[in-house]
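Here the structure comes first, spelled out in structure tokens, and everything after it is commentary.
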Protein chains: 2
Amino acid sequence: MKFIIQKDHLVQSVQDVMKAVSSRTTIPILTGIKIVATREGVTLTGSDSDISIESFIPAEEDGSEIVEVKQSGSIVLQARFFSEIVKKLPSDSVEIEVENQLSTIIRSGRAEFNLNGLDANEYPQLPQIEENNVFKISTDLLKNMIRQTVFAVSTSETRPILTGVNWKVENSELTCIATDSHRLALRKAMVKTEIQDTYNVVIPGKSLNELSKILDDNTELVDIVITENQVLFKTKHLLFYSRLLDGNYPDTSRLIPNESKTEVIVSTKLFLQAIDRASLLAKEGRNNVVKLSTMPDNIIEVSSNSPEIGKVIEELQSETIEGEELKISFSAKYMMDALKALEGTEIRVSFTGAMRPFLIRTLHDESILQLILPVRTF
Amino acid sequence: MKFIIQKDHLVQSVQDVMKAVSSRTTIPILTGIKIVATREGVTLTGSDSDISIESFIPAEEDGSEIVEVKQSGSIVLQARFFSEIVKKLPSDSVEIEVENQLSTIIRSGRAEFNLNGLDANEYPQLPQIEENNVFKISTDLLKNMIRQTVFAVSTSETRPILTGVNWKVENSELTCIATDSHRLALRKAMVKTEIQDTYNVVIPGKSLNELSKILDDNTELVDIVITENQVLFKTKHLLFYSRLLDGNYPDTSRLIPNESKTEVIVSTKLFLQAIDRASLLAKEGRNNVVKLSTMPDNIIEVSSNSPEIGKVIEELQSETIEGEELKISFSAKYMMDALKALEGTEIRVSFTGAMRPFLIRTLHDESILQLILPVRTF
């Protein structure tokens with residue numbers, strides 16, 4: 001293998017595939033990055049066996065040469081060293097050459113690195129996925145859907161299925177649901193597809209977080225292919241594979257109340273700031289709990305009390321309060337997570353009594369919904 | 001105690017004194033910030049008993065009112081909560097009032113916090129320092145002198161005196177020296193003073209780091225007062241006290257060679273980058289060691305070898321190489337620290353053989369000097 005490549009393209013690709021490389025793997029070769037050079041260009045692969053990322057650098061793009069492949073071939077190089085080295089190379093172009101055996105030379109300017117490589121034939125095969133049933137979604141919408149749901153997955157391994165986000169596709173609509181059994185986030189959107197298949201799978205939260213980091217903010221379409229145990233996200237030069245979680249995701253639809261007894265409309269920002277302040281004294285006490293009470297004249301009172309430290313009380317002018325009077329306690333953290341996930345300047349909070357789950361939604365937008373279970377304190 | 005204060009002034013002052021507050025103190029009241037209100041203004045104090053910081057907010061500055069003191073008095077509030085609260089208050093002005101006993105109300109906009117305070121009389125007295133023997137130095141020069149020496153202090157408690165920086169004042173010249181016995185950093189500068197006293201003290205490296213963070217980059221003069229066991233740095237509204245380290249600092253003057261056998265002049269930036277690259281493969285091996293060899297035609301060869309991972313070799317064009325041929329090994333980290341501390345585009349490295357300490361200096365500047373002990377590898 002021997003090729004000359006533009007440094008900035010190499011650095012970007014290495015950075016992308018590094019997102020899948022873990023130093024704590026039980027399979028030693030997975031601490032490396034696989035490099036394959038063909039006449040078409042150079043392909044880099046990183047994997048921790050849950051997530052695999054493949055980045056392709058074409059020999060030529062928009063008429064200008066990015067890679068000059070002098071001899072095709074492949075090698076696996078230690079990810080940690082290789083990624084640090086390419087970042088710090090002195091010149092804009094880099095020559096990579098596998099010499100006798102697996103010894104690999106990286107030349108740039110007057111610097112010459114010699115790395116001991118591993119045999120690329122030992123590197124695990126990526127899942128083979130047939131790309132028949134593809135649906136498409138724009139990158140920025142995909143990133144939004146991930147951001148608005150993934151924070152609500154469970155961080156505990158007690159019920160492993162809840163560490164993932166439930167993705168359902170039906171009638172060209174994608175629904176993403178995450179819950180840790182104390183709160184739930186749901187986001188829907190239409191997707192572009194020519195197939196009528198329905199899917200109901202669970203994608204690890206960690207995979208979605210890494211995917212989100214690797215995607216640029218743009219409106220280009222991402223191809224998504226779901227198989228029995230893998231999902232593949234495909235952009236122009238990037239393949240992102242994740243395994244799916246085994247097991248059935250709980251039916252969350254009956255958790256979501258259809259009626260409400262108290263409805264509050266309030267500025268998202270002012271509400272978030274008031275909860276944030278109240279939470280300052282709630283962190284020490286019972287699990288970060290704040291109290292909300294409706295008052296006359298559309299006033300909401302937010303308060304918190306930590307006997308050892310002190311207390312805080314704040315009045316907030318809401319747009320409207322309709323229905324029954326209410327006093328309710330909930331986790332400030334869950335509320336702040338939910339409010340940060342919502343878009344729009346005003347939100348509607350729909351309560352069904354102090355002990356029932358309540359909903360937080362953007363006004364006039366049915367595509368997103370946040371649900372929180374209250375905490376019993378009265 | 002009752003006063004109304006502009007939030008931004010309060011936030012800045014709290015942030016400054018917080019630098020001295022440690023959560024791991026054995027004296028519980030030192031987890032708090034002392035607040036004293038008088039007709040002149042409000043004084044905040046934070047301390048971990050090694051470092052104490054006092055910040056004064058005047059009632060009026062440049063003709064505009066900053067604090068309106070309605071009732072003088074004092075209180076100690078939990079630093080962690082108080083600092084978080086003031087940062088997040090909703091309005092530009094804040095009212096702080098000690099009610100019955102020690103219960104303290106913080107009002108801003110429609111938010112009201114109630115914190116349990118502690119008795120300010122229980123707060124330790126700051127050291128009493130007579131400000132007779134003052135010397136003055138501009139803030140930016142002081143910050144530079146700290147930056148250029150403090151990194152070289154020892155991080156090991158084996159010889160506690162080496163965790164500090166040796167400050168000597170003689171004939172209106174301040175000399176700062178730090179060494180961890182493997183390398184040494186020295187910086188001199190003239191100071192403004194009317195006294196003829198000489199000083200020779202050791203200031204903890206940690207204190208100097210905190211001081212440096214708290215000082216703005218400007219040319220205003222800092223007053224410095226040294227006593228037997230304390231040093232005080234004084235700016236317009238800030239007092240920074242640090243204890244001094246007990247014991248005698250070793251005489252470092254005989255460490256510094258007077259002669260040299262090989263002199264190299266090279267671009268600081270190119271040399272730093274080459275060492276940085278060579279160090280990538282040196283981290284794994286023996287203590288981050290790189291090798292430097294002089295070559296014909298003013299070429300320096302920088303190399304490193306880590307049998308398990310690989311090797312790197314780089315040629316670097318120097319300005320001049322004078323004197324004997326040389327092969328020498330040294331810590332890449334020490335060299336990079338020294339090069340980052342130096343100013344100027346070119347440096348002179350003066351070697352006295354492969355096993356003797358060598359000097360790194362800026363061209364035409366005798367006020368700063370970095371010394372490194374080589375590592376035996378040949």
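Convention: chains lettered A, B, ... in structure tokens order; per-chain residue numbering from 1; ligands numbered from 1 as shown.
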>> DSSP on the backbone, strand (DSSP E or B) only: what residues of range 273-363 of chain B does that give? Format it as a PyMOL selection string.
In response: chain B and resi 289-295+299-306+310-317+320-323+327-331+346-351+358-362
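Counting only C-alpha atoms, range 366-378 of chain A has the following residues at most 6 Å away, ignoring those fewer than 2 positions along the same chain: A:His182, A:Arg183, A:Leu184, A:Ala185, A:Leu186, A:Arg187, A:Lys188, A:Ser329, A:Phe330, A:Ala338, A:Pro357, A:Phe358, A:Leu359, A:Ile360, A:Arg361.
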>> With 6 Å as the limit and counting only C-alpha atoms, what residues in chain A lie close to chain B? Please list them as a PyMOL selection string.
In response: chain A and resi 110-116+309-315
>> To one decimal place in Å, what is the distance between CA of Gly63 in chain B and CA of Phe3 in chain B?
In response: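 These two atoms are separated by 18.4 Å.
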> If we count only C-alpha atoms, what is near Gly41 in chain B at a cut-off of 8 Å, once residues fewer than 4 positions away on the same chain are taken out, given as a VMD selection string?
Replying inline: chain B and resid 37 56 to 60 67 69
>> Between A:Ile66, A:Leu238, A:Ile27, A:Ile265, which residue has the minimum interatomic distance to Glu40 in chain A, considering only C-alpha atoms?
In response: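 Of A:Ile66, A:Leu238, A:Ile27, A:Ile265, the one nearest Glu40 in chain A, counting only C-alpha atoms, is A:Ile66.
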> Quick one: residues within 12 Å of Met145 in chain B, only C-alpha atoms counted, chain neighbours fewer than 4 positions away excluded, as a PyMOL selection string?
Replying inline: chain B and resi 137-141+149-151+165-167+174-178+185-191+208-209+211-212+341-343+367-369
> Mind pulling up the distance from CA of Val169 in chain B to CA of Asn200 in chain B?
Replying inline: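 So the answer is 6.6 Å.
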> Can you tell me how far CA of Glu210 in chain A sits from CA of Thr193 in chain A, in Å to one decimal?
Replying inline: 24.6 Å
Per residue of range 185-229 of chain B within 12 Å of range 124-128 of chain B, record the nearest atom pair and its distance in Å to one decimal, counting only C-alpha atoms, with rows in chain order and ascending residue number, as a Markdown table.
```
| residue | atom | partner | partner_atom | distance |
| --- | --- | --- | --- | --- |
| B:Val225 | CA | B:Gln128 | CA | 11.4 |
| B:Ile226 | CA | B:Gln128 | CA | 11.8 |
| B:Thr227 | CA | B:Gln128 | CA | 10.0 |
| B:Glu228 | CA | B:Pro127 | CA | 11.4 |
| B:Asn229 | CA | B:Pro127 | CA | 9.6 |
```
Write out the residues from the selection above, keeping N, CA and C atoms, as a PDB file, in the first residue's frame.
```pdb
ATOM      1  N   VAL B 225       3.881  43.199  49.274  1.00  0.00           N
ATOM      2  CA  VAL B 225       4.475  43.339  50.598  1.00  0.00           C
ATOM      3  C   VAL B 225       4.873  41.954  51.084  1.00  0.00           C
ATOM      4  N   ILE B 226       6.125  41.791  51.466  1.00  0.00           N
ATOM      5  CA  ILE B 226       6.596  40.494  51.960  1.00  0.00           C
ATOM      6  C   ILE B 226       6.892  40.605  53.448  1.00  0.00           C
ATOM      7  N   THR B 227       6.339  39.684  54.225  1.00  0.00           N
ATOM      8  CA  THR B 227       6.671  39.634  55.647  1.00  0.00           C
ATOM      9  C   THR B 227       7.351  38.293  55.921  1.00  0.00           C
ATOM     10  N   GLU B 228       7.509  37.982  57.191  1.00  0.00           N
ATOM     11  CA  GLU B 228       8.244  36.776  57.542  1.00  0.00           C
ATOM     12  C   GLU B 228       7.558  35.517  57.027  1.00  0.00           C
ATOM     13  N   ASN B 229       6.213  35.464  57.113  1.00  0.00           N
ATOM     14  CA  ASN B 229       5.536  34.231  56.691  1.00  0.00           C
ATOM     15  C   ASN B 229       4.362  34.463  55.740  1.00  0.00           C
TER      16      ASN B 229
END
```
